[in-house]
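Taking it in order: structure first as structure tokens, then the write-up.
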Amino acid sequence: MILIIDFGSQYNQLIARRVREFHVYCQIDPPGVDIDHIKNLKPKGIILSGGPSSIYEKNSPKCDQRIFDLGIPVLGICYGMQFMVKALGGSVKRSQKREYGFAALNVKKHEGLFKGIGEKTDTWMSHGDSIEKLPRGFIIAASTENTRVAATVHRKKNLYGLQFHPEVHHTVRGKAMLRNFLFDVCGCKRTWTMKSFARDSISQIKETIQDKSVILGLSGGVDSSVTALLIHKAVGKNLTCIFVDNGLLRKDEAAKLKKTLKQHLRINIRFVSAKTNFLKALSNVTDPEKKRKIIGKIFMDVFEAEAKKIKGAEFLAQGTLYPDVIESQSAFGGPTSVIKSHHNVGGLPKNMKLKLVEPLRYLFKDEVRLLGKALGLDEDLIWRQPFPGPGLAIRIIGEITPKRLSILRDVDDILLDEIKNSGYYRKLWQSFAVLLPLKSVGVMGDQRTYENIAAVRAVTSIDAMTADWARLPHKLLGKISNRIINEVTGVNRVVYDISSKPPSTIEWE
Ligand code: XMP
């Protein structure tokens, strides 16, 4: 395995992804991780991630410096490299010119990470500090126009540093550099697959739950369905799934899902209707974070009430994924900033009695789909587009009322119908409608109208960490707009969202 030490970069989960794409298991730990714990893990290599701090700030994150004496190869990326250099006696200074974006790298040492990379390659930089002086034994392996030490190596000790980010897509040969690190430098083997993940995960779940019972919030999305299958394989009838109709689902979704889930999962599912609880608590609430927190809390109240009815229920399972964890809080104690509170992570009450089981916590969506496949999950469930826990509440900007819910449901239903008919459904990460808290003037049949505006959002993405707006054909967009305005009373204007993530997010709230 490879150990990644999290210094708080928004990209550290991408490092994990890249390592796993090479079928090598990796784990992320906070900088404070104990040195004995590291020794016990017996990693083949250690990667120090980037981070937002400057090494000279008072509270900048630091890990135990003895990692450099374990005889294990270490790769420091950006802040990780600066930490390594400073810890081993070199120095770092504020750069004259900050370097963000593309930089052409001139490779000087064609070995180690740079074996087969060539003389020049595009890399992606994001730093304000640079290496001033290297510690003894380190040499410069590559430079850019603005950064003398863009890469460094201590050959004898197998210590490597990169000022740029090899994990991001924009570093053209980044994957090849990581591959060199994993296989040539660390001697890793490609043994980690979804089958092996499932096997390990099932035995871990068995060990955790033993003869107790576990309940799981089943939404019908791929994450909770895969979690259900995994836990069912581990504890069988000790798993009870709870499907909550929160009144914030898409048109006819609750009824359709009930049928599909019963048919395909063949596990113990309870269907609970809690529409009024949710809608009452949300009335007059317009702040996005408040909406999320309220919804998270009511979900928990419902689960806890259901758990009380189940003998020995001590655990709550959730299909939480890695991006949810990363964006809600720093997963590993690093200083990553909070973007929004995903309800299944940020909304949990502090005094919750149920213990959490989250077997997908470190997986990305595409990995979950592969896992679903390995577990034999139905294709339609595997390929369902993600739907957020807080549902339509975060797609109705402003106040949530039964009338606005009904309008959005009708708009969304037409959109989904057209997207499915056009063959785009599986090609898109998500496609959905948003109802704006604005009205605009229109003209219908010689009459003035003053009605709602609906926004259409369709994005492509691999893991929801980044996303691009989908270049849907104009003809399709035209048809969607035309149908919505003609068929949904109360909407007289449709706009298409052409923002990418970042800087926008996929959902509007
Ligand atoms: P954002 O809007 O943060 O969304 O770019 C990234 C992905 O996460 C989904 N999402 C959620 N999923 N609970 C969930 O289970 C939530 O609270 C939540 N908020 C956003 C979103 O639909 C997108 O796929």
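Ordering of the structure tokens sets the chain letters (A, B, ...), residue numbers begin anew at 1 in every chain, and ligands are numbered from 1 in the order given.
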
TODO: Determine which residues of region 135-329 of chain A DSSP labels as alpha helix (DSSP H) from the backbone of this structure, then write them out as a PyMOL selection string.
DONE: chain A and resi 174-179+194-209+222-235+253-265+275-282+288-308+322-328

Please produce an output containing C-alpha atoms for each residue in the selection, written as a compact mmCIF listing (two decimals), in the first residue's frame.
```
# COMPACT_ATOMS: atom_id res chain seq x y z
CA GLY A 174 1.67 13.33 -14.51
CA LYS A 175 0.27 9.81 -14.60
CA ALA A 176 3.49 8.46 -16.07
CA MET A 177 5.48 10.16 -13.30
CA LEU A 178 3.26 8.62 -10.62
CA ARG A 179 3.49 5.25 -12.34
CA MET A 194 -12.99 -3.91 -6.84
CA LYS A 195 -13.29 -7.64 -6.19
CA SER A 196 -10.55 -7.47 -3.60
CA PHE A 197 -12.08 -4.30 -2.15
CA ALA A 198 -15.45 -6.05 -1.81
CA ARG A 199 -13.85 -9.06 -0.11
CA ASP A 200 -11.93 -6.93 2.41
CA SER A 201 -14.84 -4.64 3.01
CA ILE A 202 -17.29 -7.49 3.67
CA SER A 203 -14.96 -9.05 6.24
CA GLN A 204 -14.40 -5.67 7.92
CA ILE A 205 -18.15 -5.04 8.11
CA LYS A 206 -18.69 -8.50 9.61
CA GLU A 207 -16.09 -7.77 12.24
CA THR A 208 -17.59 -4.36 13.09
CA ILE A 209 -21.24 -5.34 13.25
CA VAL A 222 -26.09 3.79 -6.82
CA ASP A 223 -24.21 4.66 -3.60
CA SER A 224 -26.79 3.50 -1.11
CA SER A 225 -27.76 0.51 -3.28
CA VAL A 226 -24.15 -0.69 -3.44
CA THR A 227 -23.74 -0.08 0.31
CA ALA A 228 -26.87 -2.14 0.91
CA LEU A 229 -25.59 -5.04 -1.20
CA LEU A 230 -22.19 -4.98 0.47
CA ILE A 231 -23.62 -4.95 3.98
CA HIS A 232 -26.23 -7.53 3.10
CA LYS A 233 -23.46 -9.85 1.96
CA ALA A 234 -21.75 -9.30 5.30
CA VAL A 235 -24.63 -9.51 7.79
CA GLU A 253 -40.00 8.79 -7.98
CA ALA A 254 -41.03 7.23 -4.66
CA ALA A 255 -43.49 4.83 -6.25
CA LYS A 256 -41.14 3.91 -9.12
CA LEU A 257 -38.22 3.30 -6.79
CA LYS A 258 -40.27 1.17 -4.44
CA LYS A 259 -40.98 -1.16 -7.31
CA THR A 260 -37.41 -1.26 -8.66
CA LEU A 261 -35.74 -1.73 -5.29
CA LYS A 262 -38.07 -4.52 -4.24
CA GLN A 263 -37.51 -6.26 -7.53
CA HIS A 264 -33.71 -5.97 -7.74
CA LEU A 265 -32.26 -5.90 -4.26
CA LYS A 275 -43.27 14.27 3.72
CA THR A 276 -45.06 16.54 6.18
CA ASN A 277 -42.19 16.54 8.71
CA PHE A 278 -39.77 17.77 6.06
CA LEU A 279 -42.01 20.31 4.36
CA LYS A 280 -43.17 21.80 7.65
CA ALA A 281 -39.63 22.24 8.91
CA LEU A 282 -38.57 23.81 5.61
CA PRO A 288 -29.07 26.86 1.50
CA GLU A 289 -27.00 25.73 4.46
CA LYS A 290 -30.03 25.95 6.77
CA LYS A 291 -32.04 23.82 4.34
CA ARG A 292 -29.28 21.22 4.28
CA LYS A 293 -28.93 21.10 8.06
CA ILE A 294 -32.70 20.84 8.62
CA ILE A 295 -33.03 18.01 6.12
CA GLY A 296 -30.04 16.17 7.57
CA LYS A 297 -31.51 16.42 11.05
CA ILE A 298 -34.97 15.17 10.10
CA PHE A 299 -33.46 12.25 8.20
CA MET A 300 -31.60 11.35 11.37
CA ASP A 301 -34.73 11.71 13.53
CA VAL A 302 -36.59 9.37 11.21
CA PHE A 303 -33.74 6.85 11.19
CA GLU A 304 -33.36 6.93 14.94
CA ALA A 305 -37.11 6.45 15.42
CA GLU A 306 -37.02 3.48 13.03
CA ALA A 307 -33.91 2.07 14.69
CA LYS A 308 -35.71 1.98 18.01
CA TYR A 322 -15.18 10.44 -0.82
CA PRO A 323 -16.06 13.76 -2.54
CA ASP A 324 -18.92 14.27 0.00
CA VAL A 325 -16.44 13.82 2.81
CA ILE A 326 -13.80 16.05 1.30
CA GLU A 327 -16.16 18.91 0.55
CA SER A 328 -18.04 18.81 3.87
```

TODO: Kindly compile the residues surrounding ligand 1 within 10 Å, counting only C-alpha atoms and all ligand atoms, and format them as a VMD selection string.
DONE: chain A and resid 219 221 223 to 224 289 291 to 293 295 to 296 318 to 321 323 to 324 327 to 328 339 to 347 365 385 to 391 394 to 395 429 to 432 459 461 463 to 467 500 to 509

Task: Nearest-residue call for Trp192 (chain A), choices A:Lys42, A:His23, A:Arg384, A:Lys420, using only C-alpha atoms - done: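 Ranking A:Lys42, A:His23, A:Arg384, A:Lys420 by distance to Trp192 (chain A), first place goes to A:His23.
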
Could you pull the residues within 12 Å of Val411 (chain A), counting only C-alpha atoms, minus those fewer than 3 positions along the same chain, as a PDB file with C-alpha atoms, in the first residue's frame?
```
ATOM      1  CA  ARG A 250     -38.722  13.822  -8.401  1.00  0.00           C
ATOM      2  CA  LYS A 251     -42.077  13.205 -10.034  1.00  0.00           C
ATOM      3  CA  LEU A 392     -35.464  19.252  -4.834  1.00  0.00           C
ATOM      4  CA  ARG A 395     -33.015  23.021  -6.575  1.00  0.00           C
ATOM      5  CA  ILE A 396     -35.775  25.407  -5.573  1.00  0.00           C
ATOM      6  CA  ARG A 404     -43.155  25.405  -6.407  1.00  0.00           C
ATOM      7  CA  LEU A 405     -42.330  21.737  -5.827  1.00  0.00           C
ATOM      8  CA  SER A 406     -45.051  20.747  -8.225  1.00  0.00           C
ATOM      9  CA  ILE A 407     -43.816  23.185 -10.907  1.00  0.00           C
ATOM     10  CA  LEU A 408     -40.226  21.989 -10.586  1.00  0.00           C
ATOM     11  CA  ILE A 414     -39.909  16.810 -19.183  1.00  0.00           C
ATOM     12  CA  LEU A 415     -36.169  17.416 -19.082  1.00  0.00           C
ATOM     13  CA  LEU A 416     -35.432  13.870 -17.986  1.00  0.00           C
ATOM     14  CA  ASP A 417     -37.775  12.447 -20.589  1.00  0.00           C
ATOM     15  CA  GLU A 418     -36.027  14.345 -23.388  1.00  0.00           C
ATOM     16  CA  SER A 431     -29.131  16.582 -15.830  1.00  0.00           C
ATOM     17  CA  PHE A 432     -31.772  18.428 -13.848  1.00  0.00           C
ATOM     18  CA  ALA A 433     -33.867  21.562 -13.541  1.00  0.00           C
ATOM     19  CA  VAL A 434     -33.671  24.409 -11.034  1.00  0.00           C
ATOM     20  CA  LEU A 435     -36.496  26.785 -10.167  1.00  0.00           C
ATOM     21  CA  ASN A 452     -41.325  31.682 -13.198  1.00  0.00           C
ATOM     22  CA  ILE A 453     -37.929  31.030 -14.765  1.00  0.00           C
ATOM     23  CA  ALA A 454     -36.532  27.514 -14.877  1.00  0.00           C
ATOM     24  CA  ALA A 455     -32.844  26.774 -15.373  1.00  0.00           C
ATOM     25  CA  VAL A 456     -31.649  23.598 -17.047  1.00  0.00           C
ATOM     26  CA  ARG A 457     -28.354  22.127 -15.832  1.00  0.00           C
ATOM     27  CA  ILE A 480     -36.683  20.906 -23.957  1.00  0.00           C
ATOM     28  CA  SER A 481     -37.381  24.633 -23.651  1.00  0.00           C
ATOM     29  CA  ASN A 482     -40.356  24.475 -25.955  1.00  0.00           C
ATOM     30  CA  ARG A 483     -41.964  21.563 -24.153  1.00  0.00           C
ATOM     31  CA  ILE A 484     -41.397  23.060 -20.693  1.00  0.00           C
ATOM     32  CA  ILE A 485     -42.949  26.420 -21.576  1.00  0.00           C
ATOM     33  CA  ASN A 486     -45.867  24.829 -23.381  1.00  0.00           C
ATOM     34  CA  GLU A 487     -46.613  22.069 -20.915  1.00  0.00           C
ATOM     35  CA  VAL A 488     -45.864  23.556 -17.497  1.00  0.00           C
ATOM     36  CA  THR A 489     -48.237  26.220 -16.305  1.00  0.00           C
ATOM     37  CA  GLY A 490     -46.345  28.852 -14.344  1.00  0.00           C
ATOM     38  CA  VAL A 491     -43.099  28.840 -16.374  1.00  0.00           C
ATOM     39  CA  ASN A 492     -42.559  31.267 -19.241  1.00  0.00           C
ATOM     40  CA  ARG A 493     -38.773  31.229 -19.604  1.00  0.00           C
ATOM     41  CA  VAL A 494     -36.038  28.572 -19.696  1.00  0.00           C
TER      42      VAL A 494
END
```

Open item on the list: If I take CA of Leu381 (chain A) and CA of Ile400 (chain A), how far is one from the other in Å, to one decimal?
Closed with: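 Separating CA of Leu381 (chain A) from CA of Ile400 (chain A) is a distance of 28.6 Å.
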